[in-house]
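What follows is a short report on a single structure.
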Amino acid sequence: MSGRLLKSTAVVGGNTLISRVLGLVRDIIIARIFGAEAGTDAFFVAFKIPNFFRRLFAEGAFSQAFVPVLAEYKAKDDEPALNELIANTAGTLGGFLLVLTIISELAAPWLAILFGPGFYLEGGDKYVLTVDMLRITFPYLMLISLTALAGGVLNTFGRFAVPAFTPILLNLSMIGAAIWLAPQMDEPVTGLAWGVFIAGLAQLAFQLPFLARLGLLRWPRLGLAHAGVRKIMRLMLPAIVGSSVVQINLLIDTIIASFLITGSVTWLYYADRMVEFPLGVFGIALATVILPKLSQQHADADPEAFSRTLDWALRLVLVIGLPATMGLFMLAAPIISTLFEYEAFAAADVQMAALALMAYSVGLPAFILIKVLAPGYYARQDTKTPVKIAIRAMFANISLNLLFVVPMVIYGISGPHAGLALATGLAAWLNASLLWRGLCQQGIYRPQPGWRRLALQVVVALLAMVAVLWLGVAEDSDWSGWDWHARTVQLMLWVAAAGTSYLLVLWLMGLRPASLRRSA
């Protein structure tokens, strides 16, 4: 069982890795062309608003409500009922999002105030640019949500590669827009907004032929009365909060950052993108694979297999998530400098973005744990418990934001935006710990033997990795003085050295890949 899951995770992670690498190329190009200024602040807010709703209706609550119900219908082996569920769900979701898009286009000035109040109070071009670009980017929500529906169907039928490849089209579209479309625009940064819109069309169109091959491409129809659709809606409404608390916290960061100095939104964006790299390649890939599996095991009434699947996933988080966290924390400035410190992106921007990256990295294991633990509830169609936990974590994030940021602003401490990132990471830890405790208390998850030994192996290997980086990596100021070639070689060298030392110590302490492949 674990071998098949590991293979599927590798397929999703491999495609996601390609997407994330192209995403880095995209961000490097945007940083070099536009830097960290008013236009980029405006674009990232205009992109974040539909992207936030996308996490609710696409990868978030919708997928976590739709996939378990779809798996339940699939288990009944009733093809006409399955096709009817897909058609009615697509029509209902699409119709709702069409209405939401029309309303949001009309309400764009108010949405821009809601998510970037500092821009409005400041006056000037930032607010106007945000409104203009939001009207271009918001239709992306409807397109990418329908893409997520198609991806949920493909994942449930074991076709993980196609949905995992699809995000590559977003990066290619935005790279093309930055290089070729932006120079043709009166306001060049609006070219990025058009790149987002084009990407939505391309991603949806790409998946449709693969649905057709499975015989599951059906004309959407409104189905509010359909029993399966109603069940998805009941599960989805509370899951909107529960599955997207991290995104809500990030948006709160953006709102507060809009009151800070120009560049704060952009610094947080680039730091978040670095954290999203391992989160997407590993965390989201793992969650994508285990949700259909857990849903199937719940439908088959096999609680022991359900618990073993969760245990296997948590072991991978320990072995892979912790070294990724430590690497991001210790190499924050070198990573930002190597990727972005060119032309319009200055050394001061590197330091500010690196502060945010170090703060965000504290929460990376928790971000991954949430992705793994939440399916333990959604697969059993329990959406109420994650909601209660999410609300507590959200209020904790708001309180921590005020606790960290306000004193930094009052006393003139550099980098108050990093306080926002740290608050988000700590709130994620609260969220993850409460999810884990709930699964254990309900007897849903029972840890398998071997955790103490595995934890000791990982801790010793991490200490070796930290020693290598601490003793070998040059000072942050040295990186700014090197050209791109020297930076790239040095970064690759130390990433390889850190990874090699970590894996070598794990091997010497007796951890073998076979122990992760087989079922716990």
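By convention in this document, the chains of the structure tokens carry letters A, B, ... by their order, each chain's residues are numbered from 1, and ligands are numbered from 1 in the order they are shown.
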How close does each residue of segment 408-480 of chain A get to segment 302-308 of chain A, giving the shortest atom pair and distance in Å to one decimal for every residue with an atom at most 7 Å away, counting only C-alpha atoms, sorted by chain and residue number, as a tab-separated table?
```
residue	atom	partner	partner_atom	distance
A:Ile444	CA	A:Ser307	CA	6.3
A:Tyr445	CA	A:Ser307	CA	4.8
A:Arg446	CA	A:Ser307	CA	6.1
```
Residue contacts of Leu471 of chain A (12 Å, only C-alpha atoms) excluding same-chain residues fewer than 3 positions away, as a ChimeraX atom specification: /A:330,464-468,474-475,494,497-498
Who sits within 9 Å of Val12 of chain A, only C-alpha atoms, same chain under 2 positions skipped, as a list in words: Lys7, Ser8, Thr9, Ala10, Gly14, Asn15, Thr16, Leu17, Phe160, Ala161, Val162, Pro163, Ala164, Phe165, Val281, Phe282, Ile284, Ala285, Leu286, Thr288 and Val289 of chain A
Can I get the selected residues back with N, CA, C and O atoms, as a PDB file, in the first residue's frame?
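Listed below is the output, part.pdb:
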```pdb
ATOM      1  N   LYS A   7       4.834   5.984  -4.762  1.00  0.00           N
ATOM      2  CA  LYS A   7       4.995   6.188  -6.196  1.00  0.00           C
ATOM      3  C   LYS A   7       4.090   7.304  -6.697  1.00  0.00           C
ATOM      4  O   LYS A   7       4.516   8.170  -7.475  1.00  0.00           O
ATOM      5  N   SER A   8       2.833   7.303  -6.250  1.00  0.00           N
ATOM      6  CA  SER A   8       1.906   8.358  -6.658  1.00  0.00           C
ATOM      7  C   SER A   8       2.358   9.720  -6.144  1.00  0.00           C
ATOM      8  O   SER A   8       2.274  10.725  -6.847  1.00  0.00           O
ATOM      9  N   THR A   9       2.853   9.739  -4.893  1.00  0.00           N
ATOM     10  CA  THR A   9       3.368  10.998  -4.347  1.00  0.00           C
ATOM     11  C   THR A   9       4.549  11.492  -5.157  1.00  0.00           C
ATOM     12  O   THR A   9       4.694  12.695  -5.404  1.00  0.00           O
ATOM     13  N   ALA A  10       5.418  10.557  -5.581  1.00  0.00           N
ATOM     14  CA  ALA A  10       6.574  10.945  -6.396  1.00  0.00           C
ATOM     15  C   ALA A  10       6.129  11.508  -7.746  1.00  0.00           C
ATOM     16  O   ALA A  10       6.724  12.471  -8.250  1.00  0.00           O
ATOM     17  N   GLY A  14       6.982  15.164  -8.532  1.00  0.00           N
ATOM     18  CA  GLY A  14       7.872  15.437  -9.664  1.00  0.00           C
ATOM     19  C   GLY A  14       7.304  16.497 -10.591  1.00  0.00           C
ATOM     20  O   GLY A  14       8.017  17.423 -11.011  1.00  0.00           O
ATOM     21  N   ASN A  15       6.018  16.363 -10.930  1.00  0.00           N
ATOM     22  CA  ASN A  15       5.385  17.378 -11.762  1.00  0.00           C
ATOM     23  C   ASN A  15       5.302  18.718 -11.042  1.00  0.00           C
ATOM     24  O   ASN A  15       5.509  19.778 -11.646  1.00  0.00           O
ATOM     25  N   THR A  16       5.034  18.658  -9.737  1.00  0.00           N
ATOM     26  CA  THR A  16       4.968  19.890  -8.972  1.00  0.00           C
ATOM     27  C   THR A  16       6.340  20.539  -8.896  1.00  0.00           C
ATOM     28  O   THR A  16       6.456  21.768  -8.895  1.00  0.00           O
ATOM     29  N   LEU A  17       7.402  19.729  -8.821  1.00  0.00           N
ATOM     30  CA  LEU A  17       8.762  20.268  -8.800  1.00  0.00           C
ATOM     31  C   LEU A  17       9.037  21.070 -10.065  1.00  0.00           C
ATOM     32  O   LEU A  17       9.595  22.177 -10.013  1.00  0.00           O
ATOM     33  N   PHE A 160      -2.961  10.937 -11.472  1.00  0.00           N
ATOM     34  CA  PHE A 160      -2.403  12.050 -10.699  1.00  0.00           C
ATOM     35  C   PHE A 160      -1.520  12.979 -11.534  1.00  0.00           C
ATOM     36  O   PHE A 160      -1.361  14.157 -11.207  1.00  0.00           O
ATOM     37  N   ALA A 161      -0.924  12.474 -12.591  1.00  0.00           N
ATOM     38  CA  ALA A 161       0.080  13.252 -13.325  1.00  0.00           C
ATOM     39  C   ALA A 161      -0.522  14.474 -14.010  1.00  0.00           C
ATOM     40  O   ALA A 161       0.093  15.559 -14.009  1.00  0.00           O
ATOM     41  N   VAL A 162      -1.703  14.328 -14.611  1.00  0.00           N
ATOM     42  CA  VAL A 162      -2.288  15.436 -15.386  1.00  0.00           C
ATOM     43  C   VAL A 162      -2.615  16.638 -14.502  1.00  0.00           C
ATOM     44  O   VAL A 162      -2.199  17.767 -14.798  1.00  0.00           O
ATOM     45  N   PRO A 163      -3.351  16.468 -13.370  1.00  0.00           N
ATOM     46  CA  PRO A 163      -3.599  17.634 -12.513  1.00  0.00           C
ATOM     47  C   PRO A 163      -2.322  18.232 -11.944  1.00  0.00           C
ATOM     48  O   PRO A 163      -2.241  19.443 -11.726  1.00  0.00           O
ATOM     49  N   ALA A 164      -1.314  17.378 -11.689  1.00  0.00           N
ATOM     50  CA  ALA A 164      -0.054  17.892 -11.143  1.00  0.00           C
ATOM     51  C   ALA A 164       0.715  18.705 -12.179  1.00  0.00           C
ATOM     52  O   ALA A 164       1.447  19.641 -11.826  1.00  0.00           O
ATOM     53  N   PHE A 165       0.564  18.358 -13.460  1.00  0.00           N
ATOM     54  CA  PHE A 165       1.261  19.083 -14.525  1.00  0.00           C
ATOM     55  C   PHE A 165       0.590  20.424 -14.836  1.00  0.00           C
ATOM     56  O   PHE A 165       1.247  21.380 -15.266  1.00  0.00           O
ATOM     57  N   VAL A 281       5.803  20.895  -3.510  1.00  0.00           N
ATOM     58  CA  VAL A 281       6.457  19.694  -4.037  1.00  0.00           C
ATOM     59  C   VAL A 281       6.187  18.482  -3.154  1.00  0.00           C
ATOM     60  O   VAL A 281       5.992  17.369  -3.644  1.00  0.00           O
ATOM     61  N   PHE A 282       6.143  18.704  -1.846  1.00  0.00           N
ATOM     62  CA  PHE A 282       5.976  17.569  -0.932  1.00  0.00           C
ATOM     63  C   PHE A 282       4.626  17.579  -0.220  1.00  0.00           C
ATOM     64  O   PHE A 282       3.845  16.625  -0.317  1.00  0.00           O
ATOM     65  N   ILE A 284       1.635  19.385  -0.450  1.00  0.00           N
ATOM     66  CA  ILE A 284       0.400  19.333  -1.227  1.00  0.00           C
ATOM     67  C   ILE A 284       0.344  18.050  -2.057  1.00  0.00           C
ATOM     68  O   ILE A 284      -0.723  17.453  -2.232  1.00  0.00           O
ATOM     69  N   ALA A 285       1.508  17.614  -2.560  1.00  0.00           N
ATOM     70  CA  ALA A 285       1.539  16.350  -3.314  1.00  0.00           C
ATOM     71  C   ALA A 285       1.102  15.186  -2.436  1.00  0.00           C
ATOM     72  O   ALA A 285       0.313  14.326  -2.851  1.00  0.00           O
ATOM     73  N   LEU A 286       1.604  15.151  -1.209  1.00  0.00           N
ATOM     74  CA  LEU A 286       1.242  14.079  -0.285  1.00  0.00           C
ATOM     75  C   LEU A 286      -0.246  14.126   0.056  1.00  0.00           C
ATOM     76  O   LEU A 286      -0.937  13.100   0.061  1.00  0.00           O
ATOM     77  N   THR A 288      -2.631  15.446  -1.746  1.00  0.00           N
ATOM     78  CA  THR A 288      -3.394  15.104  -2.948  1.00  0.00           C
ATOM     79  C   THR A 288      -3.545  13.599  -3.107  1.00  0.00           C
ATOM     80  O   THR A 288      -4.603  13.098  -3.501  1.00  0.00           O
ATOM     81  N   VAL A 289      -2.501  12.868  -2.755  1.00  0.00           N
ATOM     82  CA  VAL A 289      -2.505  11.417  -2.934  1.00  0.00           C
ATOM     83  C   VAL A 289      -3.292  10.718  -1.829  1.00  0.00           C
ATOM     84  O   VAL A 289      -4.042   9.767  -2.084  1.00  0.00           O
TER      85      VAL A 289
END
```
Interface rows for segment 260-371 of chain A against segment 110-131 of chain A: nearest pair, Å to one decimal, 10 Å, only C-alpha atoms, as CSV:
```
residue,atom,partner,partner_atom,distance
A:Leu260,CA,A:Gly118,CA,7.9
A:Ile261,CA,A:Gly118,CA,9.9
A:Thr262,CA,A:Phe119,CA,9.7
A:Val265,CA,A:Gly116,CA,9.8
```
Within 12 Å of segment 36-39 of chain A using only C-alpha atoms, minus same-chain residues under 6 positions, as a PyMOL selection string: chain A and resi 27-28+30+45-46+119+122-133+187-193+258+261-270+340-350+352-353
Contact residues around segment 500-513 of chain A with only C-alpha atoms at 10 Å, ignoring same-chain residues under 3 positions, as a list in words: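 Counting only the stated atoms, we get Val319, Pro323, Arg453, Leu454, Leu456, Gln457, Val458, Val459, Val460, Ala461, Leu462, Leu463, Ala464, Met465, Val466, Ala467, Val468, Trp494, Val495, Ala496, Ala497, Leu516, Arg517 and Arg518 of chain A.
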Could you please take those selected residues and save C-alpha atoms as a PDB file, in the first residue's frame?
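Saved to part-v6.pdb:
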```pdb
ATOM      1  CA  VAL A 319      11.910  12.826   7.416  1.00  0.00           C
ATOM      2  CA  PRO A 323      15.352  19.293   6.798  1.00  0.00           C
ATOM      3  CA  ARG A 453      13.822   5.561  16.901  1.00  0.00           C
ATOM      4  CA  LEU A 454      12.859   7.511  13.766  1.00  0.00           C
ATOM      5  CA  LEU A 456      16.237  10.181  17.120  1.00  0.00           C
ATOM      6  CA  GLN A 457      17.616   9.380  13.665  1.00  0.00           C
ATOM      7  CA  VAL A 458      16.152  12.567  12.190  1.00  0.00           C
ATOM      8  CA  VAL A 459      17.337  14.814  15.051  1.00  0.00           C
ATOM      9  CA  VAL A 460      20.933  13.567  14.840  1.00  0.00           C
ATOM     10  CA  ALA A 461      20.922  13.941  11.049  1.00  0.00           C
ATOM     11  CA  LEU A 462      19.548  17.485  11.369  1.00  0.00           C
ATOM     12  CA  LEU A 463      22.328  18.423  13.802  1.00  0.00           C
ATOM     13  CA  ALA A 464      24.903  17.247  11.279  1.00  0.00           C
ATOM     14  CA  MET A 465      23.211  19.269   8.542  1.00  0.00           C
ATOM     15  CA  VAL A 466      23.108  22.407  10.712  1.00  0.00           C
ATOM     16  CA  ALA A 467      26.800  22.026  11.557  1.00  0.00           C
ATOM     17  CA  VAL A 468      27.737  21.836   7.868  1.00  0.00           C
ATOM     18  CA  TRP A 494      25.725  24.091   0.064  1.00  0.00           C
ATOM     19  CA  VAL A 495      22.295  22.649  -0.685  1.00  0.00           C
ATOM     20  CA  ALA A 496      24.020  19.487  -1.930  1.00  0.00           C
ATOM     21  CA  ALA A 497      26.363  19.411   1.078  1.00  0.00           C
ATOM     22  CA  LEU A 516       9.450   4.231   4.292  1.00  0.00           C
ATOM     23  CA  ARG A 517       8.089   2.362   1.286  1.00  0.00           C
ATOM     24  CA  ARG A 518       6.442  -0.433   3.194  1.00  0.00           C
TER      25      ARG A 518
END
```
Who sits within 9 Å of Arg218 of chain A, only C-alpha atoms, same chain under 6 positions skipped, as a list in words: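 Within the cut-off, the hits are Asn83, Glu84, Ile86, Ala87, Ala90, Leu211 and Ala212 of chain A.
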Please produce a file of those selected residues containing C-alpha atoms, as a CSV table (one decimal), in the first residue's frame.
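Listing of again.csv after writing:
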```csv
chain,number,residue,atom,x,y,z
A,83,ASN,CA,-21.7,10.8,-14.4
A,84,GLU,CA,-24.7,12.5,-13.1
A,86,ILE,CA,-20.0,15.1,-12.0
A,87,ALA,CA,-22.4,16.9,-14.4
A,90,ALA,CA,-19.8,21.1,-12.4
A,211,LEU,CA,-11.7,13.5,-18.8
A,212,ALA,CA,-13.1,12.6,-22.2
```
Residues at most 8 Å from Leu204 of chain A, counting only C-alpha atoms, excluding those fewer than 2 positions away in the same chain, as an mmCIF file with N, CA, C and O atoms, in the first residue's frame?
```cif
data_model
loop_
_atom_site.group_PDB
_atom_site.id
_atom_site.type_symbol
_atom_site.label_atom_id
_atom_site.label_comp_id
_atom_site.auth_asym_id
_atom_site.auth_seq_id
_atom_site.Cartn_x
_atom_site.Cartn_y
_atom_site.Cartn_z
ATOM 1 N N LEU A 143 -12.340 29.782 -13.608
ATOM 2 C CA LEU A 143 -11.643 28.867 -14.502
ATOM 3 C C LEU A 143 -10.824 27.841 -13.723
ATOM 4 O O LEU A 143 -10.858 26.647 -14.020
ATOM 5 N N ILE A 144 -10.104 28.294 -12.695
ATOM 6 C CA ILE A 144 -9.235 27.364 -11.971
ATOM 7 C C ILE A 144 -10.040 26.462 -11.052
ATOM 8 O O ILE A 144 -9.640 25.324 -10.765
ATOM 9 N N LEU A 146 -13.056 25.189 -11.797
ATOM 10 C CA LEU A 146 -13.525 24.118 -12.677
ATOM 11 C C LEU A 146 -12.370 23.181 -13.039
ATOM 12 O O LEU A 146 -12.552 21.971 -13.197
ATOM 13 N N THR A 147 -11.177 23.745 -13.157
ATOM 14 C CA THR A 147 -9.984 22.916 -13.378
ATOM 15 C C THR A 147 -9.759 21.986 -12.195
ATOM 16 O O THR A 147 -9.412 20.810 -12.364
ATOM 17 N N GLY A 200 -5.733 30.717 -16.754
ATOM 18 C CA GLY A 200 -6.956 30.027 -16.348
ATOM 19 C C GLY A 200 -7.619 29.307 -17.506
ATOM 20 O O GLY A 200 -8.064 28.158 -17.372
ATOM 21 N N LEU A 201 -7.693 29.975 -18.653
ATOM 22 C CA LEU A 201 -8.264 29.346 -19.839
ATOM 23 C C LEU A 201 -7.457 28.126 -20.271
ATOM 24 O O LEU A 201 -8.015 27.064 -20.582
ATOM 25 N N ALA A 202 -6.130 28.266 -20.261
ATOM 26 C CA ALA A 202 -5.259 27.185 -20.724
ATOM 27 C C ALA A 202 -5.339 25.973 -19.809
ATOM 28 O O ALA A 202 -5.381 24.820 -20.270
ATOM 29 N N PHE A 206 -6.733 22.237 -20.923
ATOM 30 C CA PHE A 206 -5.754 21.145 -20.943
ATOM 31 C C PHE A 206 -6.327 19.850 -20.357
ATOM 32 O O PHE A 206 -6.033 18.749 -20.840
ATOM 33 N N GLN A 207 -7.152 19.961 -19.316
ATOM 34 C CA GLN A 207 -7.616 18.752 -18.623
ATOM 35 C C GLN A 207 -8.827 18.091 -19.270
ATOM 36 O O GLN A 207 -9.066 16.900 -19.059
ATOM 37 N N LEU A 208 -9.586 18.837 -20.054
ATOM 38 C CA LEU A 208 -10.819 18.299 -20.612
ATOM 39 C C LEU A 208 -10.612 17.044 -21.479
ATOM 40 O O LEU A 208 -11.389 16.082 -21.366
#
```
Distance in Å - atom CA of Pro447 of chain A versus atom CA of Leu364 of chain A: 22.0 Å
All alpha helix (DSSP H) residues (DSSP, backbone) inside segment 402-459 of chain A, as a ChimeraX atom specification: /A:402-410,416-441,451-459
Atom CA of Leu222 of chain A to atom CA of Gly95 of chain A, distance in Å rounded to a single decimal: 7.3 Å
